[in-house]
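This is my_file_20.txt. It holds compact mmCIF, C-alpha atoms and all ligand atoms.
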```txt
# COMPACT_ATOMS: atom_id res chain seq x y z
CA MET A 1 76.71 -132.90 -125.62
CA LYS A 2 78.19 -131.59 -122.42
CA LYS A 3 80.00 -128.48 -123.65
CA ILE A 4 78.52 -126.01 -126.13
CA ALA A 5 79.90 -122.84 -127.73
CA PHE A 6 77.48 -120.00 -128.38
CA GLY A 7 77.59 -117.33 -131.05
CA CYS A 8 75.22 -114.63 -132.22
CA ASP A 9 75.07 -111.22 -133.84
CA HIS A 10 73.41 -108.11 -132.41
CA VAL A 11 69.96 -109.31 -133.53
CA GLY A 12 70.41 -112.64 -131.75
CA PHE A 13 72.02 -111.26 -128.62
CA ILE A 14 69.02 -111.17 -126.27
CA LEU A 15 67.79 -114.63 -127.24
CA LYS A 16 71.36 -115.94 -126.95
CA GLU A 17 71.56 -114.73 -123.36
CA GLU A 18 68.28 -116.49 -122.53
CA ILE A 19 69.17 -119.77 -124.23
CA LEU A 20 72.62 -119.74 -122.71
CA ALA A 21 71.06 -119.44 -119.23
CA HIS A 22 68.59 -122.21 -120.10
CA LEU A 23 71.41 -124.58 -120.99
CA GLN A 24 73.41 -123.66 -117.89
CA ALA A 25 70.33 -124.52 -115.82
CA ARG A 26 70.32 -127.91 -117.62
CA GLY A 27 73.90 -128.47 -116.47
CA VAL A 28 75.50 -127.86 -119.86
CA GLU A 29 78.86 -126.10 -119.83
CA VAL A 30 78.75 -123.11 -122.18
CA ILE A 31 81.43 -120.99 -123.81
CA ASP A 32 80.23 -117.61 -125.05
CA LYS A 33 81.98 -116.56 -128.26
CA GLY A 34 79.98 -113.32 -128.55
CA ALA A 35 78.48 -111.04 -129.57
CA TRP A 36 78.21 -109.51 -126.13
CA SER A 37 75.80 -106.62 -126.78
CA VAL A 38 73.12 -105.34 -129.14
CA ASP A 39 75.64 -103.05 -130.85
CA ARG A 40 75.56 -103.64 -134.59
CA THR A 41 78.07 -106.22 -135.72
CA ASP A 42 78.55 -108.93 -138.40
CA TYR A 43 77.55 -112.57 -137.90
CA PRO A 44 80.45 -114.24 -139.86
CA ARG A 45 82.87 -113.40 -137.06
CA TYR A 46 80.87 -115.28 -134.41
CA ALA A 47 79.92 -118.15 -136.69
CA SER A 48 83.62 -118.61 -137.43
CA ALA A 49 84.61 -118.59 -133.76
CA VAL A 50 82.04 -121.24 -132.90
CA ALA A 51 82.81 -123.40 -135.95
CA GLN A 52 86.53 -123.31 -135.12
CA ALA A 53 85.83 -124.26 -131.50
CA VAL A 54 83.89 -127.31 -132.71
CA ILE A 55 86.60 -128.31 -135.18
CA ASP A 56 89.32 -127.88 -132.54
CA GLY A 57 87.41 -130.07 -130.08
CA GLU A 58 87.17 -127.23 -127.59
CA VAL A 59 83.43 -127.98 -127.41
CA ASP A 60 81.11 -130.82 -128.41
CA GLY A 61 78.85 -128.59 -130.48
CA GLY A 62 77.66 -125.07 -131.12
CA VAL A 63 74.54 -122.93 -131.09
CA LEU A 64 74.29 -119.90 -133.38
CA ILE A 65 71.61 -117.20 -133.42
CA CYS A 66 71.14 -114.30 -135.83
CA GLY A 67 67.96 -112.72 -137.16
CA THR A 68 66.95 -115.69 -139.29
CA GLY A 69 69.69 -118.21 -138.52
CA VAL A 70 70.49 -118.18 -142.24
CA GLY A 71 73.63 -116.08 -142.57
CA ILE A 72 75.24 -117.49 -139.46
CA SER A 73 74.60 -121.12 -140.53
CA ILE A 74 75.80 -120.49 -144.09
CA THR A 75 79.05 -119.17 -142.63
CA ALA A 76 79.52 -122.11 -140.27
CA ASN A 77 78.93 -124.57 -143.11
CA LYS A 78 81.93 -123.13 -144.99
CA PHE A 79 84.18 -124.90 -142.46
CA PRO A 80 85.01 -128.49 -143.48
CA GLY A 81 83.68 -130.85 -140.82
CA ILE A 82 80.89 -128.54 -139.77
CA ARG A 83 77.32 -129.69 -140.32
CA ALA A 84 75.16 -126.77 -139.25
CA VAL A 85 71.38 -126.91 -139.41
CA VAL A 86 69.08 -123.91 -139.31
CA CYS A 87 65.63 -124.86 -138.10
CA SER A 88 62.59 -123.33 -136.50
CA GLU A 89 60.89 -126.41 -135.06
CA PRO A 90 62.03 -129.29 -132.81
CA TYR A 91 61.37 -132.18 -135.24
CA SER A 92 64.05 -131.12 -137.72
CA ALA A 93 66.41 -130.30 -134.86
CA ARG A 94 66.10 -133.85 -133.49
CA LEU A 95 66.34 -135.55 -136.88
CA SER A 96 69.33 -133.42 -137.81
CA ARG A 97 71.22 -135.03 -134.94
CA GLN A 98 69.90 -138.56 -135.46
CA HIS A 99 70.38 -138.69 -139.24
CA ASN A 100 72.84 -135.92 -140.19
CA ASP A 101 75.07 -135.77 -137.10
CA THR A 102 74.80 -131.98 -137.03
CA ASN A 103 77.34 -130.35 -134.79
CA ILE A 104 75.93 -126.83 -134.91
CA LEU A 105 72.34 -125.71 -134.39
CA ALA A 106 71.20 -122.32 -135.72
CA PHE A 107 67.94 -120.45 -135.48
CA GLY A 108 66.58 -116.94 -135.88
CA SER A 109 65.58 -114.59 -133.10
CA ARG A 110 63.17 -112.94 -135.55
CA VAL A 111 61.65 -116.33 -136.37
CA VAL A 112 61.22 -118.24 -133.10
CA GLY A 113 60.16 -117.09 -129.64
CA LEU A 114 61.93 -118.04 -126.44
CA GLU A 115 59.85 -121.08 -125.51
CA LEU A 116 60.03 -122.57 -129.00
CA ALA A 117 63.76 -121.89 -129.08
CA LYS A 118 64.18 -123.82 -125.82
CA MET A 119 62.26 -126.77 -127.29
CA ILE A 120 64.43 -126.70 -130.41
CA VAL A 121 67.65 -126.65 -128.41
CA ASP A 122 66.48 -129.35 -126.00
CA SER A 123 65.39 -131.63 -128.87
CA TRP A 124 68.74 -131.16 -130.56
CA LEU A 125 70.76 -131.83 -127.39
CA ASP A 126 68.71 -134.86 -126.33
CA ALA A 127 69.12 -136.65 -129.66
CA THR A 128 72.09 -138.80 -130.66
CA PHE A 129 73.47 -139.77 -134.06
CA GLU A 130 72.17 -143.19 -135.18
CA GLY A 131 75.12 -144.07 -137.45
CA GLY A 132 74.63 -147.02 -139.80
CA ARG A 133 73.23 -145.97 -143.17
CA HIS A 134 73.34 -142.37 -142.00
CA GLN A 135 77.09 -142.60 -141.41
CA THR A 136 77.53 -143.59 -145.06
CA ARG A 137 75.74 -140.41 -146.11
CA VAL A 138 77.66 -138.19 -143.70
CA ASP A 139 80.87 -139.74 -145.06
CA ALA A 140 79.68 -138.84 -148.57
CA ILE A 141 79.28 -135.21 -147.49
CA ALA A 142 82.85 -135.24 -146.14
CA ALA A 143 84.08 -136.69 -149.44
CA ILE A 144 82.56 -133.70 -151.24
CA GLU A 145 84.41 -131.36 -148.88
CA HIS A 146 87.70 -133.03 -149.76
CA ARG A 147 87.11 -133.57 -153.53
CA ASP A 148 89.79 -131.07 -154.64
CA GLN A 149 92.54 -132.32 -152.33
C1 LIG A 201 71.10 -108.57 -139.55
O1 LIG A 201 70.34 -107.49 -139.98
C2 LIG A 201 70.58 -109.85 -140.20
O2 LIG A 201 70.85 -109.81 -141.57
C3 LIG A 201 71.21 -111.07 -139.56
O3 LIG A 201 70.86 -111.09 -138.21
C4 LIG A 201 70.76 -112.41 -140.10
O4 LIG A 201 69.37 -112.51 -140.14
C5 LIG A 201 71.39 -112.81 -141.38
O5 LIG A 201 71.16 -113.90 -141.91
```

Produce structure tokens that represent the structure in this file.
Amino acid sequence: MKKIAFGCDHVGFILKEEILAHLQARGVEVIDKGAWSVDRTDYPRYASAVAQAVIDGEVDGGVLICGTGVGISITANKFPGIRAVVCSEPYSARLSRQHNDTNILAFGSRVVGLELAKMIVDSWLDATFEGGRHQTRVDAIAAIEHRDQ
């Protein structure tokens, strides 16, 4: 992934700034969808902005950070076509790309420290979707999204 959108709430703001700089140093182009301070705010707004950017093809993927990564990933997963994973270790981050073709990575600033967060993000970005039998399963997820249409 060459272009990533970032989103966070006030609890994730400081870690977002650090991870954003880490990815820029890796040569990744980043688009910051907020929040832009530690002033109290609500994570659905930023999760929505990042999810929409992924769906629109403005970016290749997204990174979301709130206190736990839970609320912000739940929100992103409401958007058809979004496969957001919340994880706190690199193994699941890597496998979520290889097997589940996740297009958004979420984690919690109250759960992981900076160095672990960097490992999680790097593992996620370095992995690629393997397709094959995993594509069949991802297609089955999409079919569930469209079951009422
Ligand atoms: C904010 O207090 C907190 O609820 C939020 O950052 C996140 O952890 C929600 O899932």

Show me which residues sit within 12 Å of ligand LIG 201 (chain A) when counting only C-alpha atoms and all ligand atoms, and put them as an mmCIF file with C-alpha atoms, in the coordinates of the input.
```cif
data_model
loop_
_atom_site.group_PDB
_atom_site.id
_atom_site.type_symbol
_atom_site.label_atom_id
_atom_site.label_comp_id
_atom_site.auth_asym_id
_atom_site.auth_seq_id
_atom_site.Cartn_x
_atom_site.Cartn_y
_atom_site.Cartn_z
ATOM 1 C CA GLY A 7 77.590 -117.330 -131.050
ATOM 2 C CA CYS A 8 75.220 -114.630 -132.220
ATOM 3 C CA ASP A 9 75.070 -111.220 -133.840
ATOM 4 C CA HIS A 10 73.410 -108.110 -132.410
ATOM 5 C CA VAL A 11 69.960 -109.310 -133.530
ATOM 6 C CA GLY A 12 70.410 -112.640 -131.750
ATOM 7 C CA PHE A 13 72.020 -111.260 -128.620
ATOM 8 C CA LEU A 15 67.790 -114.630 -127.240
ATOM 9 C CA ALA A 35 78.480 -111.040 -129.570
ATOM 10 C CA VAL A 38 73.120 -105.340 -129.140
ATOM 11 C CA ASP A 39 75.640 -103.050 -130.850
ATOM 12 C CA ARG A 40 75.560 -103.640 -134.590
ATOM 13 C CA THR A 41 78.070 -106.220 -135.720
ATOM 14 C CA ASP A 42 78.550 -108.930 -138.400
ATOM 15 C CA TYR A 43 77.550 -112.570 -137.900
ATOM 16 C CA PRO A 44 80.450 -114.240 -139.860
ATOM 17 C CA TYR A 46 80.870 -115.280 -134.410
ATOM 18 C CA ALA A 47 79.920 -118.150 -136.690
ATOM 19 C CA LEU A 64 74.290 -119.900 -133.380
ATOM 20 C CA ILE A 65 71.610 -117.200 -133.420
ATOM 21 C CA CYS A 66 71.140 -114.300 -135.830
ATOM 22 C CA GLY A 67 67.960 -112.720 -137.160
ATOM 23 C CA THR A 68 66.950 -115.690 -139.290
ATOM 24 C CA GLY A 69 69.690 -118.210 -138.520
ATOM 25 C CA VAL A 70 70.490 -118.180 -142.240
ATOM 26 C CA GLY A 71 73.630 -116.080 -142.570
ATOM 27 C CA ILE A 72 75.240 -117.490 -139.460
ATOM 28 C CA SER A 73 74.600 -121.120 -140.530
ATOM 29 C CA ILE A 74 75.800 -120.490 -144.090
ATOM 30 C CA THR A 75 79.050 -119.170 -142.630
ATOM 31 C CA ALA A 76 79.520 -122.110 -140.270
ATOM 32 C CA VAL A 86 69.080 -123.910 -139.310
ATOM 33 C CA ALA A 106 71.200 -122.320 -135.720
ATOM 34 C CA PHE A 107 67.940 -120.450 -135.480
ATOM 35 C CA GLY A 108 66.580 -116.940 -135.880
ATOM 36 C CA SER A 109 65.580 -114.590 -133.100
ATOM 37 C CA ARG A 110 63.170 -112.940 -135.550
ATOM 38 C CA VAL A 111 61.650 -116.330 -136.370
#
```

- Item | Neighbour list for A:Trp124 as an MDAnalysis selection string, cut-off 6 Å, only C-alpha atoms, skip fewer than 3 positions in-chain | chainID A and resid 93:94 121 127

- Residue neighbourhood A:Pro90, 10 Å, all atoms listed in the file, exclusion window fewer than 3 positions, as a list in words: Cys87, Ala93, Arg94, Leu95, Ser96, Leu116, Ala117, Lys118, Met119, Ile120, Val121, Asp122, Ser123 and Trp124 of chain A

Using C-alpha atoms, can you export the residues from the last selection as a JSON list (two decimals), in the frame of the given file?
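Result file follows (result-v4.json):
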```json
[["chain", "number", "residue", "atom", "x", "y", "z"],
["A", 87, "CYS", "CA", 65.63, -124.86, -138.10],
["A", 93, "ALA", "CA", 66.41, -130.30, -134.86],
["A", 94, "ARG", "CA", 66.10, -133.85, -133.49],
["A", 95, "LEU", "CA", 66.34, -135.55, -136.88],
["A", 96, "SER", "CA", 69.33, -133.42, -137.81],
["A", 116, "LEU", "CA", 60.03, -122.57, -129.00],
["A", 117, "ALA", "CA", 63.76, -121.89, -129.08],
["A", 118, "LYS", "CA", 64.18, -123.82, -125.82],
["A", 119, "MET", "CA", 62.26, -126.77, -127.29],
["A", 120, "ILE", "CA", 64.43, -126.70, -130.41],
["A", 121, "VAL", "CA", 67.65, -126.65, -128.41],
["A", 122, "ASP", "CA", 66.48, -129.35, -126.00],
["A", 123, "SER", "CA", 65.39, -131.63, -128.87],
["A", 124, "TRP", "CA", 68.74, -131.16, -130.56]]
```

- atom CA of A:Ile4 to atom CA of A:Phe79, straight-line distance in Å: 17.3 Å

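Atom pair atom CA of A:Tyr91 / atom CA of A:Asp56: separated by 28.4 Å.
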
- Atom-to-atom span, atom CA of A:Glu145 and atom CA of A:Leu125, Å: 25.5 Å

N, CA, C and O atoms of stretch 104-138 of chain A, written as a compact mmCIF listing (two decimals), in the first residue's frame:
```
# COMPACT_ATOMS: atom_id res chain seq x y z
N ILE A 104 -8.47 -1.86 6.31
CA ILE A 104 -8.26 -0.90 7.40
C ILE A 104 -7.69 -1.64 8.60
O ILE A 104 -8.17 -2.73 8.96
N LEU A 105 -6.68 -1.03 9.20
CA LEU A 105 -6.06 -1.55 10.42
C LEU A 105 -6.41 -0.62 11.57
O LEU A 105 -6.27 0.61 11.44
N ALA A 106 -6.87 -1.19 12.69
CA ALA A 106 -7.18 -0.37 13.87
C ALA A 106 -6.45 -0.93 15.08
O ALA A 106 -6.22 -2.15 15.18
N PHE A 107 -6.09 -0.05 15.99
CA PHE A 107 -5.55 -0.48 17.27
C PHE A 107 -5.79 0.61 18.30
O PHE A 107 -6.23 1.72 17.97
N GLY A 108 -5.51 0.26 19.56
CA GLY A 108 -5.84 1.15 20.66
C GLY A 108 -4.61 1.78 21.29
O GLY A 108 -3.65 1.08 21.64
N SER A 109 -4.66 3.09 21.46
CA SER A 109 -3.54 3.79 22.09
C SER A 109 -3.43 3.48 23.58
O SER A 109 -2.38 3.69 24.18
N ARG A 110 -4.53 2.94 24.16
CA ARG A 110 -4.48 2.54 25.56
C ARG A 110 -4.09 1.06 25.70
O ARG A 110 -4.02 0.55 26.81
N VAL A 111 -3.87 0.42 24.56
CA VAL A 111 -3.58 -1.02 24.55
C VAL A 111 -2.13 -1.29 24.14
O VAL A 111 -1.44 -2.10 24.77
N VAL A 112 -1.67 -0.62 23.09
CA VAL A 112 -0.32 -0.88 22.58
C VAL A 112 0.55 0.37 22.74
O VAL A 112 0.08 1.50 22.62
N GLY A 113 1.84 0.14 22.98
CA GLY A 113 2.81 1.23 23.03
C GLY A 113 3.30 1.56 21.63
O GLY A 113 2.96 0.87 20.65
N LEU A 114 4.12 2.58 21.55
CA LEU A 114 4.57 3.07 20.24
C LEU A 114 5.33 2.01 19.45
O LEU A 114 5.06 1.81 18.27
N GLU A 115 6.29 1.35 20.07
CA GLU A 115 7.11 0.40 19.31
C GLU A 115 6.30 -0.79 18.82
O GLU A 115 6.48 -1.26 17.69
N LEU A 116 5.40 -1.28 19.66
CA LEU A 116 4.53 -2.38 19.24
C LEU A 116 3.60 -1.92 18.11
O LEU A 116 3.37 -2.64 17.14
N ALA A 117 3.10 -0.71 18.25
CA ALA A 117 2.22 -0.17 17.20
C ALA A 117 2.95 -0.08 15.86
O ALA A 117 2.39 -0.41 14.81
N LYS A 118 4.21 0.31 15.89
CA LYS A 118 5.00 0.36 14.64
C LYS A 118 5.14 -1.03 14.03
O LYS A 118 5.03 -1.21 12.82
N MET A 119 5.40 -2.03 14.88
CA MET A 119 5.52 -3.41 14.38
C MET A 119 4.21 -3.89 13.76
O MET A 119 4.20 -4.55 12.73
N ILE A 120 3.10 -3.55 14.41
CA ILE A 120 1.79 -3.95 13.90
C ILE A 120 1.55 -3.33 12.53
O ILE A 120 1.16 -4.00 11.58
N VAL A 121 1.79 -2.04 12.43
CA VAL A 121 1.56 -1.33 11.16
C VAL A 121 2.49 -1.86 10.07
O VAL A 121 2.06 -2.10 8.93
N ASP A 122 3.76 -2.06 10.41
CA ASP A 122 4.72 -2.56 9.41
C ASP A 122 4.33 -3.95 8.93
O ASP A 122 4.41 -4.25 7.73
N SER A 123 3.91 -4.81 9.84
CA SER A 123 3.50 -6.18 9.47
C SER A 123 2.31 -6.15 8.54
O SER A 123 2.22 -6.91 7.57
N TRP A 124 1.39 -5.27 8.85
CA TRP A 124 0.17 -5.14 8.03
C TRP A 124 0.52 -4.63 6.63
O TRP A 124 0.08 -5.18 5.63
N LEU A 125 1.37 -3.60 6.57
CA LEU A 125 1.71 -3.00 5.27
C LEU A 125 2.58 -3.91 4.41
O LEU A 125 2.49 -3.88 3.18
N ASP A 126 3.41 -4.72 5.04
CA ASP A 126 4.34 -5.57 4.29
C ASP A 126 3.66 -6.82 3.74
O ASP A 126 4.24 -7.50 2.88
N ALA A 127 2.49 -7.15 4.23
CA ALA A 127 1.82 -8.38 3.80
C ALA A 127 0.92 -8.10 2.61
O ALA A 127 0.41 -6.99 2.44
N THR A 128 0.71 -9.13 1.79
CA THR A 128 -0.21 -9.00 0.65
C THR A 128 -1.25 -10.13 0.67
O THR A 128 -0.97 -11.23 1.17
N PHE A 129 -2.39 -9.84 0.12
CA PHE A 129 -3.49 -10.81 0.09
C PHE A 129 -3.10 -12.00 -0.79
O PHE A 129 -2.59 -11.83 -1.89
N GLU A 130 -3.37 -13.21 -0.30
CA GLU A 130 -2.95 -14.42 -1.00
C GLU A 130 -3.98 -14.92 -2.01
O GLU A 130 -3.67 -15.79 -2.83
N GLY A 131 -5.22 -14.41 -1.95
CA GLY A 131 -6.24 -14.83 -2.91
C GLY A 131 -6.59 -16.30 -2.75
O GLY A 131 -6.57 -16.84 -1.65
N GLY A 132 -6.92 -16.94 -3.89
CA GLY A 132 -7.23 -18.37 -3.86
C GLY A 132 -8.43 -18.68 -2.98
O GLY A 132 -9.48 -18.05 -3.09
N ARG A 133 -8.25 -19.65 -2.08
CA ARG A 133 -9.36 -20.05 -1.20
C ARG A 133 -9.80 -18.89 -0.30
O ARG A 133 -10.97 -18.82 0.11
N HIS A 134 -8.88 -17.99 -0.04
CA HIS A 134 -9.23 -16.84 0.80
C HIS A 134 -10.13 -15.85 0.05
O HIS A 134 -10.98 -15.20 0.65
N GLN A 135 -9.95 -15.77 -1.27
CA GLN A 135 -10.82 -14.91 -2.07
C GLN A 135 -12.26 -15.40 -2.00
O GLN A 135 -13.21 -14.60 -1.90
N THR A 136 -12.44 -16.72 -2.02
CA THR A 136 -13.78 -17.30 -1.93
C THR A 136 -14.47 -16.84 -0.65
O THR A 136 -15.66 -16.51 -0.64
N ARG A 137 -13.71 -16.82 0.44
CA ARG A 137 -14.28 -16.44 1.74
C ARG A 137 -14.56 -14.94 1.81
O ARG A 137 -15.59 -14.52 2.37
N VAL A 138 -13.66 -14.15 1.24
CA VAL A 138 -13.89 -12.69 1.20
C VAL A 138 -15.12 -12.39 0.34
O VAL A 138 -15.94 -11.53 0.69
```
